[in-house]
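Worksheet: one structure, shown below.
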Amino acid sequence: MSDSAESPTGHQDPGDVLRRVSLVVLLGALAGMVSAILANGFVAAIGWLNDLLLISPRSRMMEEDAWLVTLAIIIVPTAGGLVGGILHRFIPDRRPHSPADLIAAVQTRKGRLPLRTGLLTGLSSLVSLGSGASVGQYGPLVHVGGSVGSGLARLFRAGVTSDNIAIACGVAAAISTVFHAPIAGILFAHEVVLRHFALRAFAPVAVASVLGHVTAQLIWPQPPLFQVAEAEVAHLWEFGLFVVLGMASAGVAVAYMSALLRMARIAGSMKVPSMLRPALAGLGLGLTALWVPDILGMGSETLRLAFIEGAFTQWELLLVMVLKLLATAWCLGMGFAGGVFSPALVIGSLFGALFGSVIGSLLGLDLSALVVYAVCGMVAVTAPVIGAPLTTVIIVFEMTASYPLTIAALASVALANLVASRYFGRSLFDRQLTERGHDLSGGRSRAILRTHTLGELLSDDYVTVSPDARAGEAREAIVNAGSAEAYLVDARSHYVGTVHLHELVAAGDDEPAQRWCDSNALCMREDETVWDAMNAMRHFVGEGVAVLDKDGRLVGTVFESDLINAYLELLERMRKEEHATA
Amino acid sequence: MPRLDRMLIYLLLAGVAAAPLAAEEDPLVIATWGGAYERVQREVLFEPFEAETGIAVETVPYNGGTDILEQVPDLVDMAMSESLAACAANRLQSIDDLELPPGSDGTPAREDFIGGARHHCAITHTVYATVIAYDNQAFSGQRPGRVADLFDTETFPGKRALRKTPADNMEWALLASGVPRQELYNLLSTPRGLELAFRRLKAIRDSIIWWEAGDEPVDLLESGEAVMASGYNGRFFNAQLDPDSSIEIIWDGQVQEYQTWVIPADAGRPEAARQFIRFSTQTEPLVELAERLAYGPARHSAEAQIRRHPDTGIDMRPHIPTHAYNSANAVAKDIVWYAHTLDRIRQRFDEWLENGEDAEEAQ
């Protein structure tokens with residue numbers, strides 16, 4: 001916290017600033033390119049596996065042996081689950097990671113995403129998606145991209161702030177690449193990962209996103225997720241319908257996210273060993289897909305068909321939507337690695353199409369083309385799930401280059417996130433983090449204060465006296481130490497209570513000090529978070545608070561001033577990260 | 001005896017000399033598409049070839065498909081998708097080793113031919129398009145301009161002449177439903193997408209006249225029996241050369257495919273067939289074909305040389321399917337997909353046709 005850093009008006013050495021800026025931009029550029037190549041390779045590998053394993057509709061259509069096709073639909077997801085379950089044993093916490101882990105790392109200023117976990121998560125997701133599990137590809141891509149960025153930051157020996165920015169760069173490039181949407185990539189990194197707008201982060205993230213996009217077009221370009229032939233909004237009053245659709249979609253999003261969390265809990269209480277759960281999920285999925293093949297895999301074809309008038313009846317739309325929702329909760333809950341984004345797109349577009357088609361037939365009116373409603377539903381279900389309304393709208397804009405469609409999507413997303421957050425939370429990721437003890441709903445400062453414990457702020461500047469000491473001895477010890485209180489601690493270091501000098505003053509020398517002991521004095525555990533300590537000390541008057549270990553032994557004291565200092569320092573670091581230009 | 005010997009020697013000598021002569025009299029049998037197309041082929045390819053090699057060219061009529069291979073011609077002018085299927089079934093000779101001359105500008109053949117033109121069993125000579133055309137006298141006021149109009153019998157009433165095959169018609173059915181051209185084959189691969197295509201066709205079935213030979217759609221339009229028709233762009237172009245013609249082409253959703261030369265596995269004159277392929281795929285004949293037939297040539301060097309129609313003097317470039325002006329919403333026929341699926345889809349299509357006719361009879 002040097003003075004030079006505090007003054008944005010330019011006491012800094014310009015050469016130093018230039019060096020730091022170019023380092024972080026270079027880091028962003030590298031992270032962008034590597035992440036883009038990995039992302040495209042990932043998408044291509046999924047396509048290749050889907051074709052090889054008779055999962056993609058194209059390969060199933062082209063295979064002449066009908067029995068082989070039927071057999072593959074059952075065996076391939078089961079085998080994929082088995083491989084995934086085995087892979088997860090090599091991840092330190094034995095589960096595939098998700099964007100939630102990445103958000104937590106950035107929001108609590110930890111950075112340092114482990115590359116091994118990132119790559120194993122990516123590999124396992126590749127197996128899931130390649131074998132047709134009903135999961136998404138973007139979560140894993142975002143996680144791999146972020147891990148690559150973080151890995152590069154470590155390679156360059158960059159600090160935590162640069163590490164966080166590098167993570168955002170990798171994420172931006174991944175989104176930019178797979179959606180052919182560099183602006184959405186930048187937005188996603190800010191909206192979901194960084195959650196603040198600082199020029200210092202914007203520059204490298206933008207570089208990463210654009211460079212990733214360019215790299216992806218040069219090397220191994222992949223077709224976009226979907227295309228839209230043409231779409232116009234027929235009547236202006238339909239914008240009202242889009243807003244209603246958005247709010248209804250929020251309900252679908254909440255149902256989807258609740259199903260994901262509930263299924264994870266149900267799976268956790270199953271007697272099946274966790275390694276075998278994904279295989280069981282694959283078997284269940286395959287058997288269901290014999291009946292409704294639309295739920296298999298990422299669902300690109302289902303998504304595209306939902307845009308097309310007459311491809312589904314209303315009942316089929318409802319059936320496939322509900323089954324896709326359940327299948328995704330089933331697959332992810334049982335431990336298949338993969339994301340929640342692509343299934344949300346599919347569920348949302350089916351819901352939008354259903355909404356448009358039902359309203360159209362109820363009103364007996366010619367509404368805009370079905371694709372407009374499908375896209376609105378797609379955006380309004382997805383945005384609350386990932387907590388990124390702007391990103392999803394911009395994805396539509398960049399993928400379709402259709403302004404009418406974008407504005408329709410904007411109308412539908414306008415209230416969706418607000419409604420969903422009332423009933424569920426800012427996003428699925430935030431809710432997952434809350435369940436793991438990282439509550440981001442109180443903002444970053446609270447989240448960061450919660451990652452620090454009192455153990456880090458301990459001071460040994462305190463006075464102890466034995467519980468059977470005389471008041472005179474205690475008084476003398478306190479005065480000699482220049483303090484105002486002393487802790488009574490027994491022979492085994494157990495904390496008994498606190499005596500205050502102002503009370504001992506009135507006591508006779510030979511009276512037992514314990515008589516004046518304030519056994520209700522505030523004391524805390526060393527593993528309590530700084531945030532909890534600050535709350536507990538709201539009404540505290542005194543010097544320091546005794547800090548105990550889990551067995552009740554005194555390990556130190558923490559002064560109010562240390563807590564305030566820790567808080568101010570944190571605010572300062574956040575201010576620098578979020579507002580500084582370089 | 002000596003005289004007899006001498007006679008025998010003479011006879012033998014005559015026989016030896018006559019044998020190749022007799023063989024030369026065996027013509028090269030080419031299965032091709034008849035009509036104006038074949039007339040131009042005769043003028044630009046067959047006659048110069050006969051003049052240069054002394055090998056006579058005979059043709060047998062061909063309307064697509066691989067059944068023609070049972071007749072064993074020496075050469076077939078086959079669409080690439082069918083060439084691939086026939087090749088996979090070992091019904092064609094490999095022509096991998098056939099060396100083709102460089103382009104007229106000296107570009108080696110490997111670079112001169114357009115992407116994907118050469119295959120193990122087939123060599124592309126032209127890019128043709130199946131397009132929708134209409135009779136511009138049939139509609140007052142609004143005229144059709146998009147693929148979707150083919151399926152809009154309310155706005156554009158009248159009979160549609162469509163080729164009796166699932167190909168092209170399935171693509172158009174999905175295009176008309178709003179499927180982007182890049183996603184056609186992935187969606188036709190899903191049961192739902194295929195179903196949708198059939199439903200879309202079914203909706204206009206009463207208005208469909210099925211055609212099989214390439215000249216029929218032109219006749220059907222000119223006779224007024226049909227108001228819209230699918231057909232090969234070259235055939236429609238040829239009809240348009242008549243100043244009184246009322247045929248107009250809708251380039252939206254044109255389905256482009258490669259047309260190839262293939263040699264059946266049991267062909268009687270493979271050497272002559274190879275000689276013909278070498279001869280007919282040089283730059284100059286390709287330019288001449290394109291200028292007369294309005295098909296895209298398979299060589300870049302030929303595309304660059306296309307100028308005017310030899311008889312009428314009209315600029316040919318806007319009539320070529322591969323021209324940028326026409327190809328904005330062109331569908332590249334997915335021949336690999338068709339090679340694996342055509343038989344099953346055709347079977348389904350035939351059943352659909354039969355059931356439909358039953359249903360109509362029942363009504």
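In the structure tokens, chains take the letters A, B, ... in the order shown, each chain's residues start at 1, and ligands count up from 1 in the order shown.
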Please report as a tab-separated table every residue of chain A lying within 10 Å of chain B, along with the nearest atom pair and their distance in Å (one decimal), using only C-alpha atoms.
residue	atom	partner	partner_atom	distance
A:Ser56	CA	B:Asn186	CA	8.7
A:Pro57	CA	B:Ser189	CA	5.3
A:Arg58	CA	B:Ser189	CA	5.0
A:Ser59	CA	B:Ser189	CA	8.1
A:Arg60	CA	B:Ser189	CA	7.6
A:Met61	CA	B:Ser189	CA	5.3
A:Met62	CA	B:His340	CA	5.1
A:Glu63	CA	B:His340	CA	7.3
A:Glu64	CA	B:His340	CA	7.6
A:Pro223	CA	B:Gln182	CA	9.0
A:Pro224	CA	B:Gln182	CA	9.9
A:Phe226	CA	B:Glu183	CA	8.2
A:Gln227	CA	B:Pro180	CA	6.4
A:Val228	CA	B:Pro180	CA	6.2
A:Ala229	CA	B:Pro180	CA	4.9
A:Glu230	CA	B:Gly178	CA	7.6
A:Ala231	CA	B:Gly178	CA	9.3
A:Pro293	CA	B:Thr190	CA	8.9
A:Asp294	CA	B:Thr190	CA	8.6
A:Ser300	CA	B:Asn186	CA	9.5
A:Glu301	CA	B:Leu187	CA	6.3
A:Thr302	CA	B:Leu187	CA	8.7
A:Arg304	CA	B:Leu187	CA	8.0
A:Leu305	CA	B:Leu187	CA	7.3
A:Phe307	CA	B:Gly178	CA	8.2
A:Ile308	CA	B:Gly178	CA	6.1
A:Glu309	CA	B:Ser177	CA	6.4
A:Gly310	CA	B:Leu196	CA	6.9
A:Ala311	CA	B:Leu196	CA	5.7
A:Phe312	CA	B:Arg192	CA	7.7
A:Ala369	CA	B:Gly178	CA	9.2
A:Leu370	CA	B:Gly178	CA	9.7
A:Val371	CA	B:Gly178	CA	8.7
Output of the above residues as a compact mmCIF listing (two decimals), in the first residue's frame, restricted to N, CA and C atoms:
# COMPACT_ATOMS: atom_id res chain seq x y z
N SER A 56 -24.47 -38.87 -31.99
CA SER A 56 -25.02 -37.76 -32.77
C SER A 56 -26.09 -38.28 -33.72
N PRO A 57 -27.16 -37.51 -33.90
CA PRO A 57 -28.21 -37.95 -34.83
C PRO A 57 -27.64 -38.26 -36.21
N ARG A 58 -26.67 -37.48 -36.64
CA ARG A 58 -26.10 -37.69 -37.96
C ARG A 58 -25.49 -39.09 -38.10
N SER A 59 -24.69 -39.46 -37.09
CA SER A 59 -24.04 -40.78 -37.18
C SER A 59 -25.07 -41.90 -37.03
N ARG A 60 -26.10 -41.66 -36.23
CA ARG A 60 -27.13 -42.68 -36.05
C ARG A 60 -27.92 -42.87 -37.33
N MET A 61 -28.16 -41.76 -38.02
CA MET A 61 -28.89 -41.84 -39.28
C MET A 61 -28.05 -42.56 -40.33
N MET A 62 -26.73 -42.31 -40.30
CA MET A 62 -25.88 -42.85 -41.35
C MET A 62 -25.52 -44.32 -41.12
N GLU A 63 -25.71 -44.79 -39.87
CA GLU A 63 -25.41 -46.20 -39.58
C GLU A 63 -26.57 -47.06 -40.05
N GLU A 64 -26.23 -48.08 -40.84
CA GLU A 64 -27.32 -48.87 -41.42
C GLU A 64 -27.83 -49.95 -40.48
N PRO A 223 -18.38 -24.95 -36.22
CA PRO A 223 -19.66 -24.30 -36.54
C PRO A 223 -20.32 -23.76 -35.28
N PRO A 224 -21.11 -22.70 -35.41
CA PRO A 224 -21.78 -22.14 -34.23
C PRO A 224 -22.85 -23.08 -33.70
N PHE A 226 -26.00 -22.53 -32.93
CA PHE A 226 -27.25 -22.48 -33.68
C PHE A 226 -27.22 -21.28 -34.61
N GLN A 227 -28.08 -21.31 -35.60
CA GLN A 227 -28.21 -20.19 -36.51
C GLN A 227 -29.69 -19.93 -36.65
N VAL A 228 -30.01 -18.73 -37.00
CA VAL A 228 -31.41 -18.38 -37.18
C VAL A 228 -31.56 -17.82 -38.58
N ALA A 229 -32.47 -18.43 -39.35
CA ALA A 229 -32.63 -18.03 -40.75
C ALA A 229 -33.08 -16.57 -40.82
N GLU A 230 -34.21 -16.26 -40.23
CA GLU A 230 -34.64 -14.87 -40.16
C GLU A 230 -35.74 -14.79 -39.11
N ALA A 231 -35.84 -13.65 -38.49
CA ALA A 231 -36.85 -13.51 -37.45
C ALA A 231 -37.23 -12.05 -37.30
N PRO A 293 -35.39 -39.85 -27.76
CA PRO A 293 -33.96 -39.63 -28.03
C PRO A 293 -33.54 -38.16 -27.93
N ASP A 294 -34.51 -37.25 -27.92
CA ASP A 294 -34.18 -35.82 -27.89
C ASP A 294 -33.39 -35.40 -26.66
N SER A 300 -27.98 -30.15 -29.13
CA SER A 300 -27.96 -29.09 -30.16
C SER A 300 -29.11 -29.25 -31.14
N GLU A 301 -29.36 -30.49 -31.59
CA GLU A 301 -30.42 -30.69 -32.58
C GLU A 301 -31.79 -30.38 -31.99
N THR A 302 -31.98 -30.76 -30.72
CA THR A 302 -33.25 -30.47 -30.08
C THR A 302 -33.46 -28.97 -29.98
N ARG A 304 -32.18 -26.69 -31.92
CA ARG A 304 -32.45 -26.13 -33.24
C ARG A 304 -33.86 -26.45 -33.70
N LEU A 305 -34.32 -27.66 -33.37
CA LEU A 305 -35.67 -28.03 -33.79
C LEU A 305 -36.73 -27.22 -33.04
N PHE A 307 -36.71 -24.25 -32.53
CA PHE A 307 -36.88 -22.99 -33.25
C PHE A 307 -37.83 -23.13 -34.44
N ILE A 308 -38.13 -24.38 -34.80
CA ILE A 308 -38.80 -24.61 -36.08
C ILE A 308 -40.28 -24.90 -35.84
N GLU A 309 -41.10 -24.17 -36.53
CA GLU A 309 -42.55 -24.34 -36.44
C GLU A 309 -42.91 -25.77 -36.90
N GLY A 310 -43.71 -26.45 -36.11
CA GLY A 310 -44.22 -27.74 -36.56
C GLY A 310 -43.32 -28.92 -36.29
N ALA A 311 -42.14 -28.69 -35.72
CA ALA A 311 -41.26 -29.83 -35.44
C ALA A 311 -41.77 -30.63 -34.25
N PHE A 312 -42.37 -29.93 -33.29
CA PHE A 312 -42.94 -30.59 -32.11
C PHE A 312 -44.42 -30.22 -32.02
N ALA A 369 -42.84 -15.39 -35.57
CA ALA A 369 -42.38 -16.75 -35.79
C ALA A 369 -42.01 -17.40 -34.46
N LEU A 370 -42.18 -18.72 -34.42
CA LEU A 370 -41.91 -19.47 -33.20
C LEU A 370 -40.49 -19.23 -32.69
N VAL A 371 -39.57 -19.02 -33.61
CA VAL A 371 -38.17 -18.88 -33.22
C VAL A 371 -37.99 -17.70 -32.27
Handout entry: Residue neighbourhood Gly65 (chain B), 9 Å, only C-alpha atoms, exclusion window fewer than 4 positions, as number ranges by chain
Key = B: 69, 78-79, 82
Please produce a file of the residues just selected, as a compact mmCIF listing (two decimals), in the first residue's frame, where the atoms kept are C-alpha atoms.
# COMPACT_ATOMS: atom_id res chain seq x y z
CA LEU B 69 -24.70 -49.92 -63.73
CA MET B 78 -23.32 -39.57 -62.40
CA ALA B 79 -24.10 -37.24 -59.51
CA GLU B 82 -24.55 -41.66 -56.20
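For the atom pair formed by CA of Thr498 (chain A) and CA of Ala566 (chain A), the distance is 24.8 Å, given to one decimal.
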